[in-house]
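Chemist: To be precise about what I am sending: the file is called start-v9.pdb and holds PDB, C-alpha atoms, pLDDT in the B column.
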MODEL        1
ATOM      1  CA  MET A   1    -129.799 171.594  16.585  1.00 43.00           C
ATOM      2  CA  LEU A   2    -128.733 168.222  17.744  1.00 46.00           C
ATOM      3  CA  PRO A   3    -130.898 165.289  16.997  1.00 49.00           C
ATOM      4  CA  VAL A   4    -132.439 163.974  20.172  1.00 47.00           C
ATOM      5  CA  GLU A   5    -133.204 160.373  20.341  1.00 50.00           C
ATOM      6  CA  LYS A   6    -136.265 159.537  22.276  1.00 51.00           C
ATOM      7  CA  THR A   7    -136.115 156.329  24.168  1.00 51.00           C
ATOM      8  CA  ALA A   8    -138.837 154.794  26.156  1.00 48.00           C
ATOM      9  CA  ILE A   9    -137.991 154.295  29.722  1.00 52.00           C
ATOM     10  CA  GLU A  10    -138.818 150.847  30.949  1.00 52.00           C
ATOM     11  CA  PRO A  11    -139.591 150.705  34.598  1.00 51.00           C
ATOM     12  CA  LYS A  12    -137.334 148.337  36.397  1.00 52.00           C
ATOM     13  CA  VAL A  13    -139.211 146.251  38.939  1.00 48.00           C
ATOM     14  CA  GLU A  14    -137.320 145.134  42.008  1.00 50.00           C
ATOM     15  CA  VAL A  15    -138.999 143.086  44.706  1.00 45.00           C
ATOM     16  CA  GLU A  16    -137.536 143.016  48.198  1.00 48.00           C
ATOM     17  CA  GLU A  17    -138.837 141.642  51.466  1.00 47.00           C
ATOM     18  CA  VAL A  18    -139.537 144.004  54.329  1.00 47.00           C
ATOM     19  CA  ASP A  19    -139.871 142.570  57.851  1.00 49.00           C
ATOM     20  CA  GLN A  20    -142.845 144.002  59.748  1.00 49.00           C
ATOM     21  CA  GLY A  21    -143.026 142.049  63.010  1.00 47.00           C
ATOM     22  CA  GLU A  22    -144.342 138.576  62.244  1.00 47.00           C
ATOM     23  CA  GLU A  23    -145.754 139.456  58.839  1.00 46.00           C
ATOM     24  CA  LYS A  24    -143.555 139.689  55.782  1.00 48.00           C
ATOM     25  CA  THR A  25    -144.730 141.841  52.961  1.00 46.00           C
ATOM     26  CA  LYS A  26    -143.204 142.519  49.591  1.00 48.00           C
ATOM     27  CA  ALA A  27    -142.572 146.055  48.440  1.00 48.00           C
ATOM     28  CA  ILE A  28    -142.090 147.037  44.829  1.00 52.00           C
ATOM     29  CA  GLU A  29    -139.564 149.584  43.787  1.00 55.00           C
ATOM     30  CA  ILE A  30    -139.937 150.972  40.306  1.00 55.00           C
ATOM     31  CA  SER A  31    -136.869 152.543  38.872  1.00 55.00           C
ATOM     32  CA  THR A  32    -137.289 155.222  36.224  1.00 58.00           C
ATOM     33  CA  ALA A  33    -133.738 154.925  35.010  1.00 55.00           C
ATOM     34  CA  PRO A  34    -133.371 153.296  31.622  1.00 55.00           C
ATOM     35  CA  PRO A  35    -131.808 149.860  31.592  1.00 56.00           C
ATOM     36  CA  PRO A  36    -128.200 150.050  30.450  1.00 55.00           C
ATOM     37  CA  ALA A  37    -128.344 147.321  27.772  1.00 51.00           C
ATOM     38  CA  PHE A  38    -131.378 148.579  25.859  1.00 49.00           C
ATOM     39  CA  GLU A  39    -130.537 152.292  25.507  1.00 49.00           C
ATOM     40  CA  SER A  40    -130.081 152.116  21.773  1.00 50.00           C
ATOM     41  CA  GLU A  41    -133.301 150.212  20.989  1.00 64.00           C
ATOM     42  CA  LYS A  42    -136.728 151.756  20.779  1.00 73.00           C
ATOM     43  CA  PRO A  43    -139.453 149.550  22.065  1.00 71.00           C
ATOM     44  CA  SER A  44    -142.616 149.575  20.053  1.00 87.00           C
ATOM     45  CA  LEU A  45    -145.991 150.550  21.410  1.00 88.00           C
ATOM     46  CA  HIS A  46    -147.078 146.966  21.176  1.00 88.00           C
ATOM     47  CA  GLU A  47    -144.143 145.847  23.303  1.00 89.00           C
ATOM     48  CA  LEU A  48    -144.895 148.584  25.807  1.00 90.00           C
ATOM     49  CA  ALA A  49    -148.515 147.470  25.995  1.00 90.00           C
ATOM     50  CA  LEU A  50    -147.387 143.868  26.542  1.00 91.00           C
ATOM     51  CA  LYS A  51    -145.030 144.989  29.275  1.00 92.00           C
ATOM     52  CA  ASN A  52    -147.781 147.036  30.929  1.00 93.00           C
ATOM     53  CA  ASP A  53    -150.087 144.009  30.800  1.00 93.00           C
ATOM     54  CA  GLU A  54    -147.337 141.860  32.293  1.00 94.00           C
ATOM     55  CA  ILE A  55    -146.753 144.436  35.043  1.00 95.00           C
ATOM     56  CA  ASN A  56    -150.490 144.579  35.773  1.00 95.00           C
ATOM     57  CA  LYS A  57    -150.642 140.765  35.937  1.00 95.00           C
ATOM     58  CA  LEU A  58    -147.678 140.726  38.302  1.00 95.00           C
ATOM     59  CA  LYS A  59    -149.316 143.404  40.440  1.00 95.00           C
ATOM     60  CA  SER A  60    -152.556 141.429  40.638  1.00 95.00           C
ATOM     61  CA  LYS A  61    -150.621 138.232  41.479  1.00 95.00           C
ATOM     62  CA  LEU A  62    -148.760 140.185  44.122  1.00 95.00           C
ATOM     63  CA  GLU A  63    -152.057 141.428  45.592  1.00 95.00           C
ATOM     64  CA  GLU A  64    -153.400 137.861  45.608  1.00 95.00           C
ATOM     65  CA  LYS A  65    -150.264 136.644  47.350  1.00 95.00           C
ATOM     66  CA  GLU A  66    -150.581 139.437  49.898  1.00 95.00           C
ATOM     67  CA  LYS A  67    -154.182 138.394  50.544  1.00 95.00           C
ATOM     68  CA  GLU A  68    -153.091 134.763  50.888  1.00 94.00           C
ATOM     69  CA  LEU A  69    -150.320 135.857  53.217  1.00 95.00           C
ATOM     70  CA  SER A  70    -152.847 137.790  55.294  1.00 95.00           C
ATOM     71  CA  VAL A  71    -155.135 134.729  55.457  1.00 95.00           C
ATOM     72  CA  PHE A  72    -152.235 132.438  56.401  1.00 95.00           C
ATOM     73  CA  THR A  73    -151.069 134.942  59.012  1.00 95.00           C
ATOM     74  CA  GLN A  74    -154.547 135.006  60.579  1.00 96.00           C
ATOM     75  CA  GLU A  75    -154.746 131.194  60.469  1.00 95.00           C
ATOM     76  CA  ASN A  76    -151.303 131.049  62.081  1.00 95.00           C
ATOM     77  CA  LYS A  77    -152.471 133.380  64.874  1.00 95.00           C
ATOM     78  CA  ASP A  78    -155.590 131.249  65.398  1.00 95.00           C
ATOM     79  CA  LEU A  79    -153.520 128.059  65.524  1.00 95.00           C
ATOM     80  CA  LYS A  80    -151.112 129.641  68.016  1.00 95.00           C
ATOM     81  CA  LYS A  81    -154.083 130.681  70.151  1.00 95.00           C
ATOM     82  CA  GLN A  82    -155.489 127.133  70.024  1.00 95.00           C
ATOM     83  CA  LEU A  83    -152.058 125.743  70.864  1.00 95.00           C
ATOM     84  CA  ASN A  84    -151.771 128.055  73.883  1.00 95.00           C
ATOM     85  CA  GLU A  85    -155.256 127.034  75.054  1.00 95.00           C
ATOM     86  CA  ALA A  86    -154.404 123.349  74.604  1.00 95.00           C
ATOM     87  CA  THR A  87    -151.146 123.845  76.507  1.00 95.00           C
ATOM     88  CA  LEU A  88    -153.053 125.519  79.355  1.00 95.00           C
ATOM     89  CA  ASN A  89    -155.591 122.670  79.391  1.00 95.00           C
ATOM     90  CA  ILE A  90    -152.798 120.096  79.480  1.00 95.00           C
ATOM     91  CA  SER A  91    -151.038 121.961  82.294  1.00 95.00           C
ATOM     92  CA  SER A  92    -154.297 122.168  84.224  1.00 95.00           C
ATOM     93  CA  ALA A  93    -154.961 118.463  83.681  1.00 95.00           C
ATOM     94  CA  LYS A  94    -151.430 117.590  84.834  1.00 95.00           C
ATOM     95  CA  ALA A  95    -151.879 119.711  87.969  1.00 95.00           C
ATOM     96  CA  LYS A  96    -155.200 117.976  88.702  1.00 95.00           C
ATOM     97  CA  GLU A  97    -153.580 114.591  88.076  1.00 95.00           C
ATOM     98  CA  GLN A  98    -150.770 115.412  90.508  1.00 95.00           C
ATOM     99  CA  GLU A  99    -153.310 116.597  93.081  1.00 95.00           C
ATOM    100  CA  MET A 100    -155.361 113.414  92.680  1.00 95.00           C
ATOM    101  CA  THR A 101    -152.205 111.282  92.925  1.00 95.00           C
ATOM    102  CA  LEU A 102    -151.282 113.059  96.151  1.00 95.00           C
ATOM    103  CA  LYS A 103    -154.796 112.564  97.554  1.00 95.00           C
ATOM    104  CA  LEU A 104    -154.744 108.907  96.519  1.00 94.00           C
ATOM    105  CA  THR A 105    -151.397 108.445  98.252  1.00 95.00           C
ATOM    106  CA  GLN A 106    -152.753 110.076 101.414  1.00 95.00           C
ATOM    107  CA  VAL A 107    -155.884 107.911 101.343  1.00 94.00           C
ATOM    108  CA  GLY A 108    -153.683 104.831 100.862  1.00 94.00           C
ATOM    109  CA  GLU A 109    -151.564 105.801 103.857  1.00 94.00           C
ATOM    110  CA  GLU A 110    -154.687 106.426 105.945  1.00 94.00           C
ATOM    111  CA  LEU A 111    -156.059 103.050 104.871  1.00 93.00           C
ATOM    112  CA  ARG A 112    -152.824 101.294 105.870  1.00 93.00           C
ATOM    113  CA  ALA A 113    -152.868 103.128 109.211  1.00 92.00           C
ATOM    114  CA  SER A 114    -156.531 102.201 109.683  1.00 93.00           C
ATOM    115  CA  LYS A 115    -155.768  98.544 108.921  1.00 91.00           C
ATOM    116  CA  THR A 116    -152.908  98.630 111.431  1.00 92.00           C
ATOM    117  CA  ASP A 117    -155.181 100.223 114.048  1.00 92.00           C
ATOM    118  CA  SER A 118    -157.888  97.686 113.278  1.00 92.00           C
ATOM    119  CA  THR A 119    -155.427  94.819 113.681  1.00 92.00           C
ATOM    120  CA  GLN A 120    -154.180  96.240 116.966  1.00 93.00           C
ATOM    121  CA  LEU A 121    -157.748  96.729 118.220  1.00 93.00           C
ATOM    122  CA  LYS A 122    -158.645  93.150 117.258  1.00 94.00           C
ATOM    123  CA  GLU A 123    -155.593  91.878 119.131  1.00 94.00           C
ATOM    124  CA  LYS A 124    -156.528  93.948 122.190  1.00 94.00           C
ATOM    125  CA  LEU A 125    -160.129  92.730 122.015  1.00 94.00           C
ATOM    126  CA  GLN A 126    -158.975  89.135 121.771  1.00 94.00           C
ATOM    127  CA  SER A 127    -156.635  89.659 124.743  1.00 95.00           C
ATOM    128  CA  VAL A 128    -159.413  91.259 126.806  1.00 95.00           C
ATOM    129  CA  GLU A 129    -161.799  88.432 125.883  1.00 95.00           C
ATOM    130  CA  GLU A 130    -159.191  85.858 126.923  1.00 95.00           C
ATOM    131  CA  GLN A 131    -158.662  87.698 130.219  1.00 95.00           C
ATOM    132  CA  ASN A 132    -162.430  87.891 130.720  1.00 95.00           C
ATOM    133  CA  GLU A 133    -162.779  84.155 130.109  1.00 94.00           C
ATOM    134  CA  ALA A 134    -159.944  83.466 132.561  1.00 94.00           C
ATOM    135  CA  LEU A 135    -161.641  85.681 135.176  1.00 95.00           C
ATOM    136  CA  GLU A 136    -164.969  83.912 134.618  1.00 95.00           C
ATOM    137  CA  VAL A 137    -163.284  80.514 135.143  1.00 95.00           C
ATOM    138  CA  GLU A 138    -161.646  81.853 138.292  1.00 95.00           C
ATOM    139  CA  MET A 139    -164.986  83.258 139.519  1.00 95.00           C
ATOM    140  CA  LYS A 140    -166.623  79.840 139.005  1.00 95.00           C
ATOM    141  CA  LYS A 141    -163.840  78.221 141.014  1.00 94.00           C
ATOM    142  CA  LEU A 142    -164.273  80.807 143.747  1.00 95.00           C
ATOM    143  CA  ARG A 143    -168.043  80.288 143.831  1.00 95.00           C
ATOM    144  CA  VAL A 144    -167.591  76.545 144.111  1.00 95.00           C
ATOM    145  CA  GLN A 145    -165.000  77.018 146.849  1.00 95.00           C
ATOM    146  CA  THR A 146    -167.179  79.557 148.661  1.00 95.00           C
ATOM    147  CA  GLU A 147    -170.082  77.106 148.518  1.00 95.00           C
ATOM    148  CA  GLN A 148    -167.812  74.397 149.903  1.00 95.00           C
ATOM    149  CA  TRP A 149    -166.711  76.659 152.754  1.00 95.00           C
ATOM    150  CA  ARG A 150    -170.292  77.596 153.486  1.00 94.00           C
ATOM    151  CA  LYS A 151    -171.193  73.934 153.704  1.00 93.00           C
ATOM    152  CA  ALA A 152    -168.163  73.328 155.918  1.00 93.00           C
ATOM    153  CA  VAL A 153    -169.187  76.221 158.190  1.00 93.00           C
ATOM    154  CA  ASP A 154    -172.760  74.877 158.310  1.00 92.00           C
ATOM    155  CA  ALA A 155    -171.401  71.445 159.260  1.00 92.00           C
ATOM    156  CA  ALA A 156    -169.144  72.957 161.911  1.00 92.00           C
ATOM    157  CA  ALA A 157    -172.033  74.985 163.277  1.00 91.00           C
ATOM    158  CA  THR A 158    -174.149  71.849 163.417  1.00 90.00           C
ATOM    159  CA  ILE A 159    -171.407  69.977 165.255  1.00 91.00           C
ATOM    160  CA  LEU A 160    -170.835  72.858 167.657  1.00 90.00           C
ATOM    161  CA  SER A 161    -174.531  73.163 168.384  1.00 86.00           C
ATOM    162  CA  GLY A 162    -174.593  69.543 169.318  1.00 80.00           C
ATOM    163  CA  GLY A 163    -176.509  68.412 166.327  1.00 63.00           C
ATOM    164  CA  HIS A 164    -179.748  70.161 167.170  1.00 56.00           C
ATOM    165  CA  GLY A 165    -181.437  71.938 164.321  1.00 51.00           C
ATOM    166  CA  ASP A 166    -183.036  74.556 166.631  1.00 51.00           C
ATOM    167  CA  GLU A 167    -179.759  75.775 168.056  1.00 47.00           C
ATOM    168  CA  ARG A 168    -178.229  76.036 164.635  1.00 46.00           C
ATOM    169  CA  GLU A 169    -180.520  78.939 163.867  1.00 51.00           C
ATOM    170  CA  ASP A 170    -179.042  80.789 166.860  1.00 49.00           C
ATOM    171  CA  PHE A 171    -175.505  80.376 165.589  1.00 46.00           C
ATOM    172  CA  GLU A 172    -176.272  81.091 161.943  1.00 51.00           C
ATOM    173  CA  PRO A 173    -175.978  84.898 162.132  1.00 50.00           C
ATOM    174  CA  VAL A 174    -172.609  84.589 163.848  1.00 48.00           C
ATOM    175  CA  PHE A 175    -171.290  82.172 161.273  1.00 48.00           C
ATOM    176  CA  SER A 176    -172.681  84.035 158.291  1.00 52.00           C
ATOM    177  CA  THR A 177    -170.925  87.225 159.444  1.00 49.00           C
ATOM    178  CA  ASN A 178    -167.724  85.268 159.997  1.00 50.00           C
ATOM    179  CA  LEU A 179    -168.033  83.810 156.489  1.00 50.00           C
ATOM    180  CA  SER A 180    -166.591  86.993 155.111  1.00 50.00           C
ATOM    181  CA  ILE A 181    -163.413  86.246 157.060  1.00 49.00           C
ATOM    182  CA  LEU A 182    -163.112  82.863 155.382  1.00 50.00           C
ATOM    183  CA  ASN A 183    -163.890  84.127 151.881  1.00 51.00           C
ATOM    184  CA  PRO A 184    -160.600  84.113 149.879  1.00 50.00           C
ATOM    185  CA  ILE A 185    -161.738  87.043 147.723  1.00 50.00           C
ATOM    186  CA  HIS A 186    -161.564  89.355 150.749  1.00 49.00           C
ATOM    187  CA  HIS A 187    -158.116  88.086 151.724  1.00 48.00           C
ATOM    188  CA  ASN A 188    -156.630  88.225 148.198  1.00 49.00           C
ATOM    189  CA  CYS A 189    -155.702  84.580 148.293  1.00 47.00           C
ATOM    190  CA  MET A 190    -156.532  81.991 145.707  1.00 46.00           C
ATOM    191  CA  VAL A 191    -157.203  78.365 146.322  1.00 45.00           C
ATOM    192  CA  LEU A 192    -156.473  76.058 143.434  1.00 43.00           C
TER     193      LEU A 192
ENDMDL
END
Using structure tokens, write down the structure that the file contains.
Modeler:
Amino acid sequence: MLPVEKTAIEPKVEVEEVDQGEEKTKAIEISTAPPPAFESEKPSLHELALKNDEINKLKSKLEEKEKELSVFTQENKDLKKQLNEATLNISSAKAKEQEMTLKLTQVGEELRASKTDSTQLKEKLQSVEEQNEALEVEMKKLRVQTEQWRKAVDAAATILSGGHGDEREDFEPVFSTNLSILNPIHHNCMVL
């Protein structure tokens, strides 16, 4: 029989990153093949126990890191959600700002138009008031002139009646009806 040398097989630990969407996790591959350099040496039980402890520590560290990664991934999702909400709020605020700017521009234009209309109305009112004053002056002139004509007609009637006050009353209706003929308002003529 051939002597068989028993060698302890050390597990070879290889860590590689596996992409799973946004999260990255680490997978462990344990190889059962003996390492090529140590085939002739026999590790002691103590060394094997130390290696097992080291492997267990690495496994627990790996679990902790996975938990941390999970926490950071959740925090990252929360931050992205907050960022999206903030972006929506900013977009909404910008839209409201643009709307208010547009309304303010429209109100400004309406105010300018209103000021222009107000100025035009004031100018028209001033013109109408000036025309009214001119018409009032003209009416006063016409009243004075009409009074003068009435006095002239009364004097003519007195002269024609021969200076008697009693006869003047007989002629008065005739002259008062003929006054309308002498009134320049009825004949569209103006006396200055």
Chemist: Which distance in Å separates CA of Lys67 in chain A and CA of Glu85 in chain A, to one decimal?
Modeler: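 If I compute the distance from CA of Lys67 in chain A to CA of Glu85 in chain A, I get 27.0 Å.
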Chemist: Take CA of Ser44 in chain A and CA of Lys61 in chain A and report the distance between them in Å, one decimal.
Modeler: 25.5 Å
Chemist: To one decimal in Å, tell me the separation between CA of Ser70 in chain A and CA of Leu88 in chain A.
Modeler: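 Interatomic distance, CA of Ser70 in chain A to CA of Leu88 in chain A: 27.0 Å.
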